[in-house]
>>> print(open('work12.cif').read())   # mmCIF, C-alpha atoms
data_protein
#
loop_
_atom_site.label_atom_id
_atom_site.label_comp_id
_atom_site.auth_asym_id
_atom_site.auth_seq_id
_atom_site.Cartn_x
_atom_site.Cartn_y
_atom_site.Cartn_z
CA MET A 1 -64.92 -59.87 32.14
CA MET A 2 -62.24 -57.18 32.34
CA ASN A 3 -59.91 -57.35 35.31
CA PRO A 4 -61.16 -54.81 37.95
CA SER A 5 -57.79 -53.05 38.10
CA LEU A 6 -57.66 -52.73 34.29
CA TYR A 7 -61.23 -51.44 34.25
CA LEU A 8 -60.33 -48.92 36.93
CA SER A 9 -57.23 -47.82 34.98
CA ALA A 10 -59.22 -47.33 31.77
CA THR A 11 -62.03 -45.46 33.52
CA GLY A 12 -59.61 -43.27 35.47
CA PHE A 13 -57.66 -42.48 32.30
CA GLY A 14 -60.93 -41.44 30.64
CA LEU A 15 -62.03 -39.37 33.63
CA ILE A 16 -58.77 -37.40 33.70
CA ALA A 17 -58.88 -36.96 29.90
CA VAL A 18 -62.41 -35.52 30.07
CA CYS A 19 -61.84 -33.27 33.09
CA TYR A 20 -58.45 -31.89 32.04
CA GLY A 21 -58.56 -32.14 28.24
CA PHE A 22 -62.19 -31.20 27.60
CA ALA A 23 -63.51 -29.35 30.66
CA ARG A 24 -60.39 -27.29 31.38
CA PHE A 25 -58.01 -26.94 28.43
CA ALA A 26 -60.39 -27.11 25.42
CA PHE A 27 -61.90 -23.70 26.20
CA GLY A 28 -58.72 -21.95 25.09
CA LEU A 29 -58.93 -23.62 21.68
CA PHE A 30 -62.40 -22.16 21.09
CA LEU A 31 -61.80 -18.79 22.72
CA PRO A 32 -61.59 -16.79 19.44
CA GLN A 33 -65.00 -18.12 18.33
CA VAL A 34 -66.51 -17.66 21.80
CA ASP A 35 -65.16 -14.12 21.96
CA ALA A 36 -66.66 -13.30 18.57
CA ASP A 37 -70.09 -14.55 19.65
CA LEU A 38 -70.24 -13.22 23.23
CA SER A 39 -67.73 -10.33 23.16
CA LEU A 40 -65.66 -11.27 26.19
CA SER A 41 -63.81 -8.33 27.70
CA PRO A 42 -60.18 -8.66 28.83
CA THR A 43 -61.34 -8.08 32.41
CA LEU A 44 -63.82 -10.94 32.22
CA SER A 45 -61.23 -13.20 30.60
CA GLY A 46 -58.92 -12.46 33.54
CA LEU A 47 -61.74 -13.20 35.96
CA ILE A 48 -62.33 -16.55 34.29
CA SER A 49 -58.63 -17.45 34.52
CA GLY A 50 -58.32 -16.40 38.15
CA GLY A 51 -61.59 -18.07 39.04
CA SER A 52 -60.52 -21.30 37.39
CA PHE A 53 -57.35 -21.41 39.50
CA LEU A 54 -59.27 -20.62 42.69
CA GLY A 55 -61.86 -23.25 41.78
CA TYR A 56 -59.14 -25.85 41.22
CA CYS A 57 -57.45 -25.16 44.57
CA ILE A 58 -60.71 -25.29 46.52
CA ALA A 59 -61.90 -28.37 44.63
CA ILE A 60 -58.75 -30.45 45.14
CA ILE A 61 -58.70 -29.73 48.90
CA LEU A 62 -62.42 -30.52 49.13
CA SER A 63 -61.93 -33.65 47.04
CA ALA A 64 -59.23 -35.08 49.31
CA HIS A 65 -61.40 -34.37 52.37
CA LEU A 66 -64.56 -35.88 50.88
CA THR A 67 -62.72 -38.93 49.54
CA GLU A 68 -61.62 -39.74 53.08
CA ARG A 69 -65.15 -39.19 54.40
CA ILE A 70 -67.67 -40.50 51.84
CA GLY A 71 -65.50 -42.66 49.58
CA ALA A 72 -63.81 -42.55 46.19
CA ARG A 73 -66.80 -43.56 44.04
CA ALA A 74 -69.04 -40.63 45.01
CA VAL A 75 -66.29 -38.03 44.57
CA ALA A 76 -64.97 -39.41 41.26
CA THR A 77 -68.49 -39.72 39.82
CA GLY A 78 -69.18 -36.20 41.08
CA ALA A 79 -66.11 -34.91 39.22
CA ALA A 80 -67.44 -36.29 35.92
CA LEU A 81 -70.90 -34.87 36.59
CA VAL A 82 -69.48 -31.45 37.49
CA ALA A 83 -67.51 -31.50 34.21
CA ALA A 84 -70.66 -32.48 32.29
CA VAL A 85 -72.85 -29.83 33.90
CA GLY A 86 -70.19 -27.17 33.47
CA MET A 87 -69.72 -27.97 29.78
CA THR A 88 -73.50 -28.04 29.27
CA GLY A 89 -73.50 -24.56 30.77
CA ILE A 90 -70.78 -23.48 28.30
CA ALA A 91 -72.74 -24.93 25.36
CA THR A 92 -75.93 -23.09 26.36
CA ALA A 93 -74.41 -19.84 27.68
CA PRO A 94 -76.59 -16.87 26.66
CA ASP A 95 -74.17 -14.24 27.93
CA SER A 96 -70.66 -13.70 29.23
CA LEU A 97 -71.47 -13.96 32.95
CA TRP A 98 -73.20 -17.31 32.49
CA LEU A 99 -70.22 -18.45 30.44
CA ALA A 100 -67.74 -17.36 33.12
CA SER A 101 -69.60 -19.33 35.79
CA ALA A 102 -69.83 -22.41 33.56
CA VAL A 103 -66.13 -22.32 32.68
CA MET A 104 -65.19 -22.05 36.36
CA LEU A 105 -67.50 -24.96 37.24
CA ALA A 106 -66.17 -27.16 34.45
CA GLY A 107 -62.57 -26.34 35.31
CA SER A 108 -63.09 -27.19 38.99
CA SER A 109 -63.76 -30.80 37.95
CA THR A 110 -60.00 -31.25 37.49
CA GLY A 111 -59.44 -30.61 41.18
CA LEU A 112 -62.14 -33.12 42.10
CA ALA A 113 -60.96 -35.92 39.83
CA SER A 114 -57.46 -36.98 40.89
CA PRO A 115 -57.63 -37.61 44.70
CA PRO A 116 -60.44 -40.21 44.58
CA MET A 117 -58.65 -42.11 41.81
CA ALA A 118 -55.51 -42.37 43.97
CA ALA A 119 -57.63 -43.70 46.83
CA ALA A 120 -59.42 -46.15 44.50
CA VAL A 121 -56.12 -47.48 43.18
CA ALA A 122 -54.94 -48.04 46.77
CA LYS A 123 -58.07 -50.11 47.37
CA VAL A 124 -58.28 -52.16 44.15
CA VAL A 125 -54.77 -52.54 42.73
CA HIS A 126 -52.01 -54.77 44.11
CA PRO A 127 -49.33 -52.66 45.87
CA ASP A 128 -46.68 -53.66 43.32
CA ARG A 129 -48.79 -52.14 40.53
CA GLN A 130 -50.14 -49.04 42.22
CA SER A 131 -47.47 -46.55 41.09
CA ASN A 132 -47.79 -47.71 37.51
CA THR A 133 -51.59 -47.56 37.58
CA ASN A 134 -51.64 -44.09 39.15
CA THR A 135 -49.34 -42.67 36.49
CA ILE A 136 -51.31 -44.31 33.65
CA ILE A 137 -54.44 -42.59 34.94
CA ASN A 138 -52.54 -39.29 35.33
CA ALA A 139 -51.43 -39.46 31.67
CA GLY A 140 -55.07 -39.08 30.61
CA THR A 141 -54.36 -35.33 30.59
CA GLY A 142 -52.26 -35.72 27.44
CA ALA A 143 -54.92 -37.81 25.71
CA GLY A 144 -57.62 -35.23 26.48
CA VAL A 145 -55.50 -32.38 25.11
CA VAL A 146 -54.77 -34.35 21.92
CA LEU A 147 -58.41 -35.35 21.35
CA SER A 148 -59.77 -31.86 21.87
CA GLY A 149 -57.52 -30.51 19.08
CA PRO A 150 -58.97 -32.60 16.20
CA VAL A 151 -62.50 -32.00 17.48
CA ALA A 152 -61.85 -28.25 17.34
CA LEU A 153 -60.60 -28.58 13.77
CA MET A 154 -63.54 -30.74 12.63
CA ILE A 155 -66.24 -28.71 14.37
CA GLY A 156 -64.73 -25.44 13.25
CA GLY A 157 -66.40 -22.42 14.79
CA GLN A 158 -69.32 -24.39 16.26
CA TRP A 159 -68.10 -24.20 19.84
CA ARG A 160 -71.54 -24.84 21.33
CA LEU A 161 -71.83 -28.14 19.47
CA ALA A 162 -68.30 -29.11 20.51
CA PHE A 163 -69.04 -28.57 24.22
CA ALA A 164 -72.36 -30.41 23.90
CA ILE A 165 -70.42 -33.41 22.56
CA PHE A 166 -67.82 -33.09 25.32
CA SER A 167 -70.62 -32.93 27.91
CA ALA A 168 -72.23 -36.12 26.57
CA VAL A 169 -68.88 -37.92 26.82
CA ALA A 170 -68.51 -36.69 30.41
CA PHE A 171 -71.94 -38.12 31.33
CA LEU A 172 -70.89 -41.49 29.89
CA ILE A 173 -67.66 -41.35 31.91
CA ALA A 174 -69.74 -40.61 35.04
CA VAL A 175 -71.69 -43.85 34.48
CA ALA A 176 -68.49 -45.85 33.92
CA THR A 177 -66.93 -44.29 37.02
CA ALA A 178 -69.93 -45.20 39.18
CA LEU A 179 -69.61 -48.81 38.01
CA SER A 180 -65.85 -49.25 38.33
CA VAL A 181 -64.64 -47.18 41.30
CA PRO A 182 -65.01 -48.81 44.74
CA LYS A 183 -67.39 -47.14 47.18
CA LYS A 184 -64.96 -46.90 50.06
CA ALA A 185 -61.28 -46.02 50.11
CA ASN A 186 -58.82 -47.76 52.44
CA MET A 187 -60.43 -48.27 55.83
CA ALA A 188 -57.26 -46.94 57.51
CA ILE A 189 -57.98 -43.42 56.31
CA LYS A 190 -61.50 -43.23 57.69
CA ASN A 191 -60.21 -42.02 61.03
CA ALA A 192 -57.71 -39.60 59.51
CA SER A 193 -58.46 -35.90 59.80
CA GLY A 194 -56.84 -32.55 59.21
CA LEU A 195 -53.40 -31.94 57.81
CA PRO A 196 -50.79 -34.70 58.02
CA PRO A 197 -47.47 -34.13 59.83
CA PHE A 198 -45.06 -32.37 57.49
CA ASP A 199 -41.97 -34.55 57.63
CA LYS A 200 -38.99 -34.32 55.28
CA ALA A 201 -40.68 -36.30 52.51
CA LEU A 202 -43.69 -33.95 52.34
CA THR A 203 -41.65 -30.77 52.84
CA HIS A 204 -39.30 -31.68 50.00
CA LEU A 205 -42.29 -32.66 47.82
CA ILE A 206 -43.82 -29.21 48.37
CA VAL A 207 -40.57 -27.45 47.44
CA ALA A 208 -40.01 -29.56 44.31
CA SER A 209 -43.59 -29.40 43.02
CA PHE A 210 -43.81 -25.63 43.64
CA LEU A 211 -40.61 -24.95 41.68
CA MET A 212 -41.59 -27.29 38.83
CA GLY A 213 -45.08 -25.74 38.65
CA ALA A 214 -43.64 -22.23 38.58
CA SER A 215 -41.11 -23.05 35.85
CA SER A 216 -43.72 -24.81 33.68
CA THR A 217 -45.56 -21.51 33.16
CA ALA A 218 -42.83 -20.46 30.73
CA LEU A 219 -44.64 -22.66 28.20
CA TRP A 220 -48.12 -23.26 29.64
CA SER A 221 -48.78 -19.53 29.97
CA PHE A 222 -46.39 -18.03 27.41
CA GLY A 223 -45.79 -20.79 24.85
CA SER A 224 -48.13 -19.26 22.26
CA GLN A 225 -46.58 -15.83 22.78
CA LEU A 226 -43.06 -17.23 22.45
CA VAL A 227 -43.72 -19.07 19.16
CA GLY A 228 -45.43 -15.95 17.82
CA LEU A 229 -42.41 -13.84 18.80
CA ARG A 230 -39.71 -16.24 17.62
CA LEU A 231 -41.35 -17.79 14.54
CA GLY A 232 -44.29 -15.53 13.72
CA TRP A 233 -46.67 -18.45 14.22
CA SER A 234 -50.40 -17.73 14.30
CA HIS A 235 -53.04 -19.40 16.46
CA SER A 236 -53.00 -22.50 14.21
CA GLY A 237 -49.23 -22.87 14.65
CA ALA A 238 -49.59 -22.61 18.41
CA GLY A 239 -52.35 -25.24 18.19
CA LEU A 240 -49.88 -27.57 16.48
CA LEU A 241 -47.45 -27.05 19.36
CA TRP A 242 -50.25 -27.93 21.82
CA ILE A 243 -51.05 -31.16 19.96
CA ALA A 244 -47.35 -32.09 20.14
CA ILE A 245 -47.33 -31.38 23.88
CA GLY A 246 -50.48 -33.42 24.47
CA ALA A 247 -49.43 -36.40 22.36
CA ALA A 248 -46.06 -36.61 24.08
CA GLY A 249 -47.76 -36.31 27.46
CA ILE A 250 -49.31 -39.75 27.01
CA VAL A 251 -45.78 -41.15 27.41
CA GLY A 252 -46.07 -39.98 31.01
CA ALA A 253 -48.05 -43.17 31.66
CA ALA A 254 -44.66 -44.86 32.02
CA ALA A 255 -43.65 -42.71 35.01
CA GLY A 256 -44.65 -45.32 37.58
CA SER A 257 -42.71 -48.10 35.87
CA LEU A 258 -39.64 -45.90 35.49
CA VAL A 259 -39.75 -44.83 39.15
CA THR A 260 -40.04 -48.47 40.22
CA ARG A 261 -37.07 -49.44 38.08
CA PHE A 262 -34.72 -46.48 38.53
CA GLY A 263 -36.01 -44.67 41.64
CA ILE A 264 -37.67 -41.29 42.13
CA GLU A 265 -34.39 -39.36 42.39
CA ARG A 266 -32.97 -40.37 39.02
CA ILE A 267 -36.26 -39.98 37.12
CA HIS A 268 -36.91 -36.64 38.80
CA TRP A 269 -33.57 -35.20 37.68
CA THR A 270 -33.83 -36.69 34.18
CA PHE A 271 -37.17 -35.06 33.40
CA LEU A 272 -36.40 -31.78 35.12
CA SER A 273 -33.43 -31.57 32.75
CA THR A 274 -35.73 -32.50 29.85
CA MET A 275 -38.16 -29.73 30.79
CA ALA A 276 -35.35 -27.18 31.08
CA ALA A 277 -34.14 -28.16 27.61
CA SER A 278 -37.66 -27.86 26.18
CA ILE A 279 -38.05 -24.31 27.51
CA LEU A 280 -34.76 -23.31 25.87
CA LEU A 281 -35.58 -25.03 22.55
CA ILE A 282 -38.88 -23.12 22.24
CA GLY A 283 -37.94 -19.80 23.80
CA LEU A 284 -34.47 -18.91 22.62
CA GLU A 285 -34.06 -16.56 19.66
CA SER A 286 -32.14 -19.13 17.59
CA THR A 287 -35.00 -21.66 17.53
CA THR A 288 -36.46 -23.13 14.34
CA PRO A 289 -39.88 -24.71 13.63
CA ALA A 290 -38.36 -28.20 13.96
CA LEU A 291 -36.63 -27.35 17.25
CA THR A 292 -39.83 -25.79 18.57
CA LEU A 293 -41.88 -28.93 17.87
CA ILE A 294 -39.13 -31.09 19.41
CA GLY A 295 -39.28 -28.77 22.42
CA GLY A 296 -43.06 -29.24 22.60
CA ILE A 297 -42.68 -33.02 22.54
CA LEU A 298 -40.03 -32.90 25.28
CA PHE A 299 -42.12 -30.53 27.39
CA GLY A 300 -45.28 -32.64 27.17
CA MET A 301 -43.38 -35.78 28.06
CA ALA A 302 -41.48 -34.12 30.91
CA TYR A 303 -44.46 -32.32 32.45
CA ILE A 304 -46.70 -35.40 32.66
CA MET A 305 -43.75 -37.54 33.80
CA LEU A 306 -42.98 -35.07 36.59
CA THR A 307 -46.59 -34.82 37.74
CA GLY A 308 -46.51 -38.63 37.82
CA VAL A 309 -43.33 -38.52 39.93
CA TYR A 310 -44.96 -36.12 42.42
CA LEU A 311 -48.06 -38.31 42.49
CA VAL A 312 -45.98 -41.39 43.39
CA TRP A 313 -43.94 -39.32 45.87
CA GLY A 314 -47.04 -37.98 47.66
CA VAL A 315 -48.80 -41.34 47.84
CA ALA A 316 -45.61 -43.02 49.12
CA ALA A 317 -45.17 -40.31 51.76
CA LEU A 318 -48.75 -40.84 53.01
CA PRO A 319 -49.57 -44.49 52.22
CA ASP A 320 -52.60 -44.48 54.55
CA ARG A 321 -53.97 -41.27 53.02
CA PRO A 322 -53.27 -41.49 49.27
CA ALA A 323 -55.85 -38.86 48.30
CA THR A 324 -54.23 -36.32 50.64
CA GLY A 325 -50.72 -37.25 49.47
CA LEU A 326 -51.72 -36.59 45.84
CA MET A 327 -53.59 -33.41 46.78
CA ILE A 328 -50.53 -31.86 48.47
CA GLY A 329 -48.31 -32.30 45.41
CA PHE A 330 -50.89 -31.25 42.81
CA LEU A 331 -52.13 -28.25 44.82
CA THR A 332 -48.54 -27.04 45.24
CA ILE A 333 -47.94 -27.35 41.47
CA ALA A 334 -50.98 -25.13 40.85
CA ILE A 335 -49.82 -22.56 43.42
CA GLY A 336 -46.38 -22.56 41.78
CA GLN A 337 -48.00 -21.92 38.40
CA THR A 338 -49.92 -18.96 39.80
CA VAL A 339 -46.74 -17.43 41.21
CA GLY A 340 -44.57 -18.30 38.21
CA ALA A 341 -46.69 -16.79 35.44
CA PRO A 342 -46.57 -13.15 36.57
CA ILE A 343 -42.84 -13.43 37.36
CA PHE A 344 -42.10 -14.73 33.86
CA GLY A 345 -44.21 -11.95 32.38
CA LEU A 346 -42.38 -9.34 34.46
CA LEU A 347 -38.95 -10.65 33.39
CA MET A 348 -40.07 -10.68 29.76
CA GLU A 349 -41.34 -7.11 30.01
CA GLN A 350 -38.43 -5.65 31.98
CA PHE A 351 -35.63 -7.51 30.19
CA THR A 352 -36.09 -9.83 27.18
CA ALA A 353 -37.88 -13.07 26.35
CA GLY A 354 -34.49 -14.79 26.10
CA TYR A 355 -33.56 -13.64 29.60
CA ALA A 356 -36.88 -14.88 31.05
CA VAL A 357 -36.55 -18.23 29.28
CA THR A 358 -32.99 -18.76 30.54
CA VAL A 359 -33.94 -17.88 34.14
CA PHE A 360 -36.90 -20.26 34.10
CA ALA A 361 -34.89 -23.09 32.55
CA CYS A 362 -32.46 -22.73 35.46
CA LEU A 363 -35.36 -22.49 37.92
CA THR A 364 -36.58 -25.87 36.65
CA LEU A 365 -33.33 -27.52 37.69
CA THR A 366 -33.48 -26.10 41.21
CA ALA A 367 -36.47 -28.38 41.89
CA GLY A 368 -34.02 -31.29 41.82
CA LEU A 369 -32.31 -29.97 44.94
CA ALA A 370 -35.31 -31.19 46.97
CA LYS A 371 -34.44 -34.80 47.71
CA SER A 372 -37.00 -37.58 47.87
CA LYS A 373 -34.81 -40.20 49.59
CA SER A 374 -36.82 -40.02 52.79
CA VAL A 375 -39.75 -41.56 50.89
CA GLY A 376 -40.03 -45.26 51.58
#
>>> encode(input="work12.cif", output="structure tokens")
Amino acid sequence: MMNPSLYLSATGFGLIAVCYGFARFAFGLFLPQVDADLSLSPTLSGLISGGSFLGYCIAIILSAHLTERIGARAVATGAALVAAVGMTGIATAPDSLWLASAVMLAGSSTGLASPPMAAAVAKVVHPDRQSNTNTIINAGTGAGVVLSGPVALMIGGQWRLAFAIFSAVAFLIAVATALSVPKKANMAIKNASGLPPFDKALTHLIVASFLMGASSTALWSFGSQLVGLRLGWSHSGAGLLWIAIGAAGIVGAAAGSLVTRFGIERIHWTFLSTMAASILLIGLESTTPALTLIGGILFGMAYIMLTGVYLVWGVAALPDRPATGLMIGFLTIAIGQTVGAPIFGLLMEQFTAGYAVTVFACLTLTAGLAKSKSVG
């Protein structure tokens, strides 16, 4: 029989892959076909994007609260079921309003998924292995992004069939999650309530994760636009960049081991520098196709590594409330992304793409000024 901690790692990796890769990010790959079939207006597309962010923020706060009240198993299984139901709704959408609701529901599963897995790891895995296990699970995002790309190519324009397949996988993950995730999280957190005290460790985590989240929008929100501007790449070329980002993101599974060996501070600075370099490689006027793909690989690796660093940082800052520690870092990343995207767009519009890229590469490095040394 598989070791319980290995089973939990594999299931958690799959849950994150399904929720992030299929339920959240795959929609963008099929958007041209969906738009052709249902005639989405720009206003509705904006509503879907804004609603997805709002859904994520509400879901991750709710998830941390429910994990501490009803246990990790129910919340993690619920995340998979929400993803499955949302993607079933996408596959069967008769009109644009139904589709918008289904996309928001599916996307909210990402907010539900991560906090209960952090709590489950704290319950099942030996303390010496917890950071490594958490970051392996977190790297499922890269796997989901990579897997959704080939499915999109094989299925072609049949987006309804693709989401029906994704939904079936999510239902299977829900069953596996119900069997592998412990019912209760650490008993110490049962009496916890409300917001934790914001000491130096949490305050610095909020600053660092906000700045990293904001700077990442240079590529998450404008990567396709930049490669179109610099290289004249079409949607298929941008898809190739996304596959490079996703594949490299799987390397982020090593974040926990690297933090254990070298410390949060050194790994934090190393991958902030890597992300800054990736933004420059893709966004500067002198880029080439080879440099752009190298930039995509560096960005995917750096982004998942850094989210892994903030995961470890948050859990270490609140060892008795791991779900809340993770939630604080991940929620702040999402808020930073919401603030960063319009600022990048404004800089690009008022000045030049090169100016915006340079500013955001520098912004990435400022996240390193928030020290983590107060984390035990």
>>> closest_residue(input="work12.cif", among="A:Thr338, A:Ser101, A:Gln130, A:Ser180", to="A:Pro319", atoms="only C-alpha atoms")
A:Gln130
>>> residues_near_point(input="work12.cif", point="(-37.3, -35.3, 33.7)", cutoff="10 Å", atoms="only C-alpha atoms", output="list in words")
Ala255, Arg266, Ile267, His268, Trp269, Thr270, Phe271, Leu272, Ser273, Thr274, Met275, Ala276, Ala277, Leu298, Phe299, Met301, Ala302, Tyr303, Ile304, Met305, Leu306, Val309, Thr364, Leu365 and Gly368 of chain A
>>> closest_residue(input="work12.cif", among="A:Thr177, A:Ser215, A:Thr67, A:Ser167", to="A:Ile335", atoms="all atoms listed in the file")
A:Ser215
>>> residues_near_point(input="work12.cif", point="(-67.6, -23.3, 37.7)", cutoff="10 Å", atoms="all atoms listed in the file", output="PyMOL selection string")
chain A and resi 48+51-52+55-56+82-83+85-87+89-90+98-109
>>> write_last_selection(input="work12.cif", atoms="C-alpha atoms", output="compact mmCIF listing (two decimals), keeping the file's coordinate frame")
# COMPACT_ATOMS: atom_id res chain seq x y z
CA ILE A 48 -62.33 -16.55 34.29
CA GLY A 51 -61.59 -18.07 39.04
CA SER A 52 -60.52 -21.30 37.39
CA GLY A 55 -61.86 -23.25 41.78
CA TYR A 56 -59.14 -25.85 41.22
CA VAL A 82 -69.48 -31.45 37.49
CA ALA A 83 -67.51 -31.50 34.21
CA VAL A 85 -72.85 -29.83 33.90
CA GLY A 86 -70.19 -27.17 33.47
CA MET A 87 -69.72 -27.97 29.78
CA GLY A 89 -73.50 -24.56 30.77
CA ILE A 90 -70.78 -23.48 28.30
CA TRP A 98 -73.20 -17.31 32.49
CA LEU A 99 -70.22 -18.45 30.44
CA ALA A 100 -67.74 -17.36 33.12
CA SER A 101 -69.60 -19.33 35.79
CA ALA A 102 -69.83 -22.41 33.56
CA VAL A 103 -66.13 -22.32 32.68
CA MET A 104 -65.19 -22.05 36.36
CA LEU A 105 -67.50 -24.96 37.24
CA ALA A 106 -66.17 -27.16 34.45
CA GLY A 107 -62.57 -26.34 35.31
CA SER A 108 -63.09 -27.19 38.99
CA SER A 109 -63.76 -30.80 37.95
>>> atom_distance(input="work12.cif", atom1="atom CA of A:Ile70", atom2="atom CA of A:Gly325")
17.4 Å
>>> closest_residue(input="work12.cif", among="A:Leu211, A:Leu291, A:Met348, A:Ala247", to="A:Val146", atoms="all atoms listed in the file")
A:Ala247
>>> atom_distance(input="work12.cif", atom1="atom CA of A:Ser131", atom2="atom CA of A:Val312")
5.8 Å
>>> atom_distance(input="work12.cif", atom1="atom CA of A:Gly300", atom2="atom CA of A:Ile333")
15.5 Å
>>> residues_around(input="work12.cif", residues="A:Thr217", least_positions_apart="4", cutoff="7 Å", atoms="all atoms listed in the file", output="PyMOL selection string")
chain A and resi 213+221-222+337+340-341
>>> resolve_selection(input="work12.cif", expression="the PyMOL selection byres ((chain A and resi 172-175) around 8)", output="list in words")
Thr11, Gly14, Leu15, Ala76, Thr77, Gly78, Ala79, Ala80, Leu81, Ala168, Val169, Ala170, Phe171, Ala176, Thr177, Ala178 and Leu179 of chain A
